[in-house]
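Asks: What follows is my_file-v5.pdb; its format and atoms are PDB, C-alpha atoms.
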ATOM      1  CA  MET V   7       0.000   0.000   0.000
ATOM      2  CA  ALA V   8       1.287   3.481  -0.860
ATOM      3  CA  PRO V   9       1.989   5.788   2.075
ATOM      4  CA  THR V  10      -0.187   8.752   3.012
ATOM      5  CA  TRP V  11       1.671  12.068   2.918
ATOM      6  CA  ILE V  12       1.045  14.945   5.310
ATOM      7  CA  PHE V  13       2.677  18.150   4.100
ATOM      8  CA  ASP V  14       3.296  21.372   5.943
ATOM      9  CA  LEU V  15       2.774  24.527   3.851
ATOM     10  CA  ASP V  16       5.001  27.447   4.895
ATOM     11  CA  ASP V  17       8.730  26.919   4.283
ATOM     12  CA  THR V  18       7.938  23.431   2.990
ATOM     13  CA  LEU V  19       5.939  24.004  -0.199
ATOM     14  CA  HIS V  20       6.929  27.664  -0.580
ATOM     15  CA  ASN V  21       9.575  30.009   0.823
ATOM     16  CA  ALA V  22       7.682  31.784   3.591
ATOM     17  CA  SER V  23      10.815  33.048   5.362
ATOM     18  CA  HIS V  24      11.678  35.359   2.470
ATOM     19  CA  ALA V  25       8.781  37.808   2.935
ATOM     20  CA  VAL V  26       5.554  36.090   4.086
ATOM     21  CA  PHE V  27       6.674  35.226   7.629
ATOM     22  CA  PRO V  28       8.235  38.656   8.287
ATOM     23  CA  ARG V  29       4.965  40.311   7.269
ATOM     24  CA  ILE V  30       2.823  37.916   9.370
ATOM     25  CA  ASN V  31       5.087  38.540  12.378
ATOM     26  CA  GLN V  32       4.719  42.284  11.856
ATOM     27  CA  LEU V  33       0.928  41.975  11.681
ATOM     28  CA  MET V  34       0.840  39.809  14.831
ATOM     29  CA  THR V  35       2.900  42.380  16.727
ATOM     30  CA  GLN V  36       0.533  45.160  15.571
ATOM     31  CA  TYR V  37      -2.483  43.050  16.609
ATOM     32  CA  ILE V  38      -1.036  42.554  20.102
ATOM     33  CA  MET V  39      -0.274  46.285  20.357
ATOM     34  CA  ARG V  40      -3.875  47.185  19.469
ATOM     35  CA  HIS V  41      -5.632  44.589  21.601
ATOM     36  CA  LEU V  42      -3.442  44.732  24.701
ATOM     37  CA  GLY V  43      -2.368  48.382  24.535
ATOM     38  CA  LEU V  44       1.336  47.507  24.509
ATOM     39  CA  THR V  45       4.294  49.285  22.981
ATOM     40  CA  GLU V  46       5.846  47.729  19.892
ATOM     41  CA  VAL V  47       8.819  46.426  21.900
ATOM     42  CA  ALA V  48       6.589  44.834  24.560
ATOM     43  CA  ALA V  49       4.225  43.391  21.939
ATOM     44  CA  ARG V  50       7.099  41.858  19.980
ATOM     45  CA  ALA V  51       8.495  40.329  23.189
ATOM     46  CA  LEU V  52       5.102  38.798  24.062
ATOM     47  CA  HIS V  53       4.681  37.523  20.491
ATOM     48  CA  ASN V  54       8.070  35.776  20.728
ATOM     49  CA  GLU V  55       7.363  34.436  24.224
ATOM     50  CA  TYR V  56       4.090  32.806  23.156
ATOM     51  CA  TYR V  57       5.620  31.416  19.990
ATOM     52  CA  HIS V  58       8.428  29.732  21.924
ATOM     53  CA  ARG V  59       6.183  28.557  24.769
ATOM     54  CA  TYR V  60       3.316  27.197  22.675
ATOM     55  CA  GLY V  61       4.779  26.837  19.189
ATOM     56  CA  ASN V  62       2.165  29.330  18.047
ATOM     57  CA  THR V  63       1.427  32.938  19.031
ATOM     58  CA  MET V  64      -2.318  32.570  18.519
ATOM     59  CA  LEU V  65      -2.534  29.835  21.161
ATOM     60  CA  GLY V  66      -0.922  32.122  23.722
ATOM     61  CA  MET V  67      -3.346  34.919  22.858
ATOM     62  CA  LEU V  68      -6.281  32.501  23.193
ATOM     63  CA  ARG V  69      -5.156  31.075  26.527
ATOM     64  CA  HIS V  70      -4.112  34.299  28.230
ATOM     65  CA  HIS V  71      -6.192  37.032  26.602
ATOM     66  CA  GLN V  72      -9.326  35.262  25.285
ATOM     67  CA  VAL V  73      -9.065  36.822  21.832
ATOM     68  CA  ASP V  74     -11.414  35.793  19.033
ATOM     69  CA  PRO V  75      -9.305  33.285  17.063
ATOM     70  CA  ASP V  76     -11.105  33.969  13.782
ATOM     71  CA  GLN V  77     -10.531  37.695  14.111
ATOM     72  CA  PHE V  78      -6.870  37.091  15.010
ATOM     73  CA  LEU V  79      -6.365  34.899  11.929
ATOM     74  CA  ARG V  80      -8.217  37.334   9.659
ATOM     75  CA  GLU V  81      -6.114  40.293  10.764
ATOM     76  CA  THR V  82      -2.758  38.511  10.725
ATOM     77  CA  HIS V  83      -3.131  36.436   7.516
ATOM     78  CA  PRO V  84      -4.584  38.862   4.924
ATOM     79  CA  SER V  85      -4.339  37.052   1.598
ATOM     80  CA  SER V  86      -4.388  40.270  -0.427
ATOM     81  CA  GLU V  87      -1.131  41.330   1.245
ATOM     82  CA  LEU V  88       0.547  37.937   1.486
ATOM     83  CA  LEU V  89      -0.074  36.363  -1.941
ATOM     84  CA  PRO V  90       2.075  38.927  -3.810
ATOM     85  CA  LEU V  91       4.972  38.065  -1.463
ATOM     86  CA  LEU V  92       4.997  34.347  -2.320
ATOM     87  CA  ARG V  93       8.156  32.704  -3.641
ATOM     88  CA  TRP V  94       8.151  29.054  -4.646
ATOM     89  CA  ASP V  95       9.666  26.409  -6.883
ATOM     90  CA  HIS V  96       7.364  26.299  -9.893
ATOM     91  CA  ARG V  97       8.017  22.558 -10.214
ATOM     92  CA  VAL V  98       6.284  21.829  -6.902
ATOM     93  CA  GLY V  99       3.188  20.442  -8.672
ATOM     94  CA  ALA V 100       5.288  18.095 -10.797
ATOM     95  CA  ILE V 101       7.172  16.968  -7.671
ATOM     96  CA  LEU V 102       3.932  16.166  -5.817
ATOM     97  CA  ASN V 103       2.646  14.318  -8.862
ATOM     98  CA  GLN V 104       5.573  11.886  -8.691
ATOM     99  CA  LEU V 105       4.777  10.743  -5.150
ATOM    100  CA  PRO V 106       2.583   7.648  -4.740
ATOM    101  CA  GLY V 107      -0.293   7.778  -2.303
ATOM    102  CA  GLU V 108      -2.791  10.323  -1.011
ATOM    103  CA  LYS V 109      -1.622  13.723   0.144
ATOM    104  CA  PHE V 110      -2.992  15.995   2.851
ATOM    105  CA  LEU V 111      -1.882  19.476   3.836
ATOM    106  CA  LEU V 112      -1.707  20.520   7.493
ATOM    107  CA  SER V 113      -0.814  24.103   8.407
ATOM    108  CA  ASN V 114      -0.945  26.311  11.499
ATOM    109  CA  GLY V 115      -2.225  29.102   9.247
ATOM    110  CA  SER V 116      -5.866  30.002   8.774
ATOM    111  CA  GLN V 117      -8.044  27.914   6.480
ATOM    112  CA  ALA V 118      -8.593  30.867   4.133
ATOM    113  CA  TYR V 119      -4.848  31.538   3.945
ATOM    114  CA  VAL V 120      -4.078  27.865   3.278
ATOM    115  CA  GLU V 121      -6.687  27.580   0.527
ATOM    116  CA  LYS V 122      -5.622  30.785  -1.211
ATOM    117  CA  VAL V 123      -1.907  29.952  -1.117
ATOM    118  CA  VAL V 124      -2.490  26.431  -2.454
ATOM    119  CA  HIS V 125      -4.694  27.853  -5.215
ATOM    120  CA  HIS V 126      -2.018  30.460  -6.041
ATOM    121  CA  LEU V 127       0.643  27.725  -6.264
ATOM    122  CA  ALA V 128      -1.708  25.754  -8.566
ATOM    123  CA  ILE V 129      -1.337  22.547  -6.512
ATOM    124  CA  LEU V 130      -4.853  22.033  -5.129
ATOM    125  CA  ARG V 131      -5.546  18.976  -7.304
ATOM    126  CA  HIS V 132      -2.712  17.055  -5.645
ATOM    127  CA  PHE V 133      -4.331  17.121  -2.168
ATOM    128  CA  ARG V 134      -7.261  15.136  -0.857
ATOM    129  CA  ALA V 135      -7.883  17.758   1.845
ATOM    130  CA  LEU V 136      -6.423  20.963   3.295
ATOM    131  CA  TYR V 137      -6.334  21.630   7.039
ATOM    132  CA  GLY V 138      -5.915  25.097   8.470
ATOM    133  CA  VAL V 139      -5.857  25.549  12.225
ATOM    134  CA  GLU V 140      -9.662  26.027  12.443
ATOM    135  CA  ARG V 141     -10.226  22.489  11.117
ATOM    136  CA  VAL V 142      -8.206  20.997  14.007
ATOM    137  CA  ASP V 143      -9.989  22.830  16.845
ATOM    138  CA  TYR V 144      -7.489  25.728  16.861
ATOM    139  CA  LEU V 145      -4.826  23.420  18.288
ATOM    140  CA  PRO V 146      -1.688  24.050  16.224
ATOM    141  CA  LYS V 147       1.285  21.783  15.650
ATOM    142  CA  PRO V 148       3.376  20.582  17.472
ATOM    143  CA  ASN V 149       0.334  19.461  19.470
ATOM    144  CA  PRO V 150      -0.414  15.863  18.361
ATOM    145  CA  HIS V 151      -4.153  16.573  17.953
ATOM    146  CA  PRO V 152      -3.987  18.054  14.421
ATOM    147  CA  MET V 153      -1.813  15.203  13.146
ATOM    148  CA  LEU V 154      -4.103  12.564  14.649
ATOM    149  CA  THR V 155      -7.129  14.378  13.211
ATOM    150  CA  VAL V 156      -5.707  14.136   9.689
ATOM    151  CA  CYS V 157      -4.866  10.443  10.199
ATOM    152  CA  ALA V 158      -8.411   9.763  11.425
ATOM    153  CA  HIS V 159      -9.961  11.527   8.433
ATOM    154  CA  ALA V 160      -7.615   9.639   6.104
ATOM    155  CA  ARG V 161      -8.497   6.372   7.892
ATOM    156  CA  ARG V 162      -4.830   5.581   8.155
ATOM    157  CA  ASP V 163      -2.674   4.614  11.102
ATOM    158  CA  PRO V 164       0.111   7.142  11.828
ATOM    159  CA  SER V 165       2.636   4.418  10.961
ATOM    160  CA  ASP V 166       1.316   4.521   7.379
ATOM    161  CA  CYS V 167       1.937   8.271   7.111
ATOM    162  CA  ILE V 168       4.920  10.414   6.176
ATOM    163  CA  MET V 169       5.184  13.937   7.589
ATOM    164  CA  VAL V 170       7.092  16.448   5.433
ATOM    165  CA  GLU V 171       8.015  19.556   7.415
ATOM    166  CA  ASP V 172      10.611  22.275   7.947
ATOM    167  CA  ASN V 173       9.906  22.462  11.693
ATOM    168  CA  LEU V 174      11.755  20.077  14.006
ATOM    169  CA  ASP V 175       9.305  20.379  16.913
ATOM    170  CA  ASN V 176       6.501  19.244  14.619
ATOM    171  CA  LEU V 177       8.578  16.348  13.313
ATOM    172  CA  ARG V 178       9.424  15.246  16.852
ATOM    173  CA  THR V 179       5.704  14.950  17.608
ATOM    174  CA  ALA V 180       5.046  13.145  14.314
ATOM    175  CA  LYS V 181       7.785  10.613  15.061
ATOM    176  CA  SER V 182       6.434  10.026  18.585
ATOM    177  CA  LEU V 183       3.086   9.096  16.988
ATOM    178  CA  GLY V 184       4.776   6.536  14.737
ATOM    179  CA  MET V 185       5.001   8.519  11.510
ATOM    180  CA  ARG V 186       7.978   8.562   9.213
ATOM    181  CA  THR V 187       9.534  11.998   8.978
ATOM    182  CA  VAL V 188      11.130  14.144   6.290
ATOM    183  CA  TRP V 189      12.886  17.370   7.268
ATOM    184  CA  VAL V 190      13.189  20.034   4.576
ATOM    185  CA  SER V 191      16.374  21.809   5.631
ATOM    186  CA  ARG V 192      19.899  22.619   4.536
ATOM    187  CA  ALA V 193      21.223  22.063   8.064
ATOM    188  CA  PRO V 194      24.154  19.632   8.251
ATOM    189  CA  ARG V 195      22.815  17.726  11.252
ATOM    190  CA  ARG V 196      19.906  15.296  11.364
ATOM    191  CA  PRO V 197      18.242  14.549  14.722
ATOM    192  CA  GLY V 198      17.350  10.941  15.507
ATOM    193  CA  TYR V 199      13.617  11.518  15.073
ATOM    194  CA  VAL V 200      14.174  12.639  11.455
ATOM    195  CA  ASP V 201      14.227   9.703   9.024
ATOM    196  CA  VAL V 202      15.332  11.700   5.984
ATOM    197  CA  ARG V 203      16.678  15.221   5.541
ATOM    198  CA  ILE V 204      16.332  16.841   2.126
ATOM    199  CA  ALA V 205      17.771  20.206   1.144
ATOM    200  CA  SER V 206      14.879  20.883  -1.204
ATOM    201  CA  LEU V 207      11.557  19.374  -2.195
ATOM    202  CA  ARG V 208      13.081  18.312  -5.520
ATOM    203  CA  GLU V 209      14.903  15.495  -3.700
ATOM    204  CA  LEU V 210      11.694  13.940  -2.372
ATOM    205  CA  PRO V 211      10.721  11.764  -5.385
ATOM    206  CA  ARG V 212      14.173  10.114  -5.324
ATOM    207  CA  VAL V 213      13.590   8.785  -1.812
ATOM    208  CA  LEU V 214      12.090   5.279  -1.894
ATOM    209  CA  TRP V 215       9.100   4.856   0.415
ATOM    210  CA  HIS V 216       7.322   1.648   1.216
ATOM    211  CA  SER V 217       4.647   0.843   3.744
ATOM    212  CA  HIS V 218       5.572  -1.385   6.638
TER     213      HIS V 218
END
Can you present the structure in this file as C-alpha cells?
Replies:
Amino acid sequence: MAPTWIFDLDDTLHNASHAVFPRINQLMTQYIMRHLGLTEVAARALHNEYYHRYGNTMLGMLRHHQVDPDQFLRETHPSSELLPLLRWDHRVGAILNQLPGEKFLLSNGSQAYVEKVVHHLAILRHFRALYGVERVDYLPKPNPHPMLTVCAHARRDPSDCIMVEDNLDNLRTAKSLGMRTVWVSRAPRRPGYVDVRIASLRELPRVLWHSH
C-alpha cells in the first residue's frame, strides 16, 4: 500500500521566510499592540514568548487574553497582502505528482490563507484535503491533535503516514506518533527523530518509500 503524505505549507511548499513570515510577524505584533495596549517592543516580546512557549502565538493569545481566534487569523493572515509576497519552486506540482499515495496538507495558518496559497501555487488537485488551524480545533502543531485528526480523516494509522516539514518540533511529535519523517532543511545535522533530511523538495521523489 502506498503511504499517506502529510505536508506542511510554509517553508515546505513555498519560501515563507523570504517575505511572508516577516509580514505575518509584523501583523501579529501590531495586533497585540492594538488589543493589549502595549508598545511595539513589549508586543514583539510577548509575540516571541508565546511562539516559543506554545509553538504558536495565537494559542498564547487565546489562553491568556481570550481573543477571538477567527478575528486574530483574519487580521494577521490577509491574503491580499501575502499572496504577492509568495516565492516558490514552480516545479512543486510536478514533484507532488511523482509521489505515490494520497496527500494531505496541514498548516498552522488560517483555512482561508491555506486555501488561497495552495490555489495560487496551482497545486490544489494534488491534495485530498487541506487543514488550516480552524479544522483541528485551533490546536496548532506541534500538538499531536492536528496530526491525529488528519490520520483519522484519512483512515490511516500514523505508521502509514509520512510527515514532510521544515519544523523540528513538529517532526518530533510526528515521530512520537509513529510517523515517518522528512525534514526540509539545509542544516548539516539530522536529529534521531528525522528519518530523511532533504535540502529541497526536488529530492523527495528520489527517496524510496514503502509501507511497513
Asks: Using all atoms listed in the file, can you tell me which of V:Met153, V:Leu174, V:Leu210, V:Leu145 comes closest to Pro75 in chain V?
Replies: V:Leu145
Asks: Since I can't run it myself right now, could you work out what the PyMOL selection byres ((chain V and resi 152) around 12) selects here and report it as a ChimeraX atom specification?
Replies: /V:12,14,110-114,136-151,153-159,164,176,179-180,183
Asks: Determine the residue membership of the PyMOL selection byres ((chain V and resi 25) around 12) for the file above and supply it as a PyMOL selection string.
Replies: chain V and resi 16-17+20-24+26-32+87-94
Asks: If I take CA of Gln77 in chain V and CA of Met64 in chain V, how far is one from the other in Å, to one decimal?
Replies: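 Distance between the two atoms: 10.6 Å.
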Asks: Can you turn the PyMOL selection byres ((chain V and resi 212) around 12) into a concrete residue list for this file, as a CSV table (one decimal) with C-alpha atoms, keeping the file's coordinate frame?
Replies:
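This went into expr-v1.csv:
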chain,number,residue,atom,x,y,z
V,101,ILE,CA,7.2,17.0,-7.7
V,102,LEU,CA,3.9,16.2,-5.8
V,104,GLN,CA,5.6,11.9,-8.7
V,105,LEU,CA,4.8,10.7,-5.2
V,106,PRO,CA,2.6,7.6,-4.7
V,202,VAL,CA,15.3,11.7,6.0
V,204,ILE,CA,16.3,16.8,2.1
V,206,SER,CA,14.9,20.9,-1.2
V,207,LEU,CA,11.6,19.4,-2.2
V,208,ARG,CA,13.1,18.3,-5.5
V,209,GLU,CA,14.9,15.5,-3.7
V,210,LEU,CA,11.7,13.9,-2.4
V,211,PRO,CA,10.7,11.8,-5.4
V,213,VAL,CA,13.6,8.8,-1.8
V,214,LEU,CA,12.1,5.3,-1.9
V,215,TRP,CA,9.1,4.9,0.4
Asks: Interatomic distance between CA of Ala160 in chain V and CA of Leu68 in chain V?
Replies: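 Interatomic distance here is 28.6 Å.
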Asks: Please work out which residues fall within 12 Å of (-4.0, 33.6, 24.9), coordinates as given in the file, with only C-alpha atoms counting, and return them as a PyMOL selection string.
Replies: chain V and resi 38+41-42+52-53+55-57+59-60+62-75+78+144
Asks: To one decimal in Å, tell me the separation between CA of Arg196 in chain V and CA of Ile168 in chain V.
Replies: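 So the answer is 16.6 Å.
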Asks: Which residue gives the smallest distance to Arg134 in chain V among V:Glu108, V:His58, V:Gln36, V:Ser182, with only C-alpha atoms counted?
Replies: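 Among V:Glu108, V:His58, V:Gln36, V:Ser182, it is V:Glu108 that comes nearest to Arg134 in chain V.
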Asks: Counting only C-alpha atoms, write as a list in words all protein and nucleic acid residues lying at most 12 Å from (-2.2, 30.3, -10.3) in the file's frame.
Replies: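 Here the neighbourhood of the point contains Leu89, Pro90, Leu92, Trp94, His96, Gly99, Lys122, Val123, Val124, His125, His126, Leu127, Ala128, Ile129 and Leu130 of chain V.
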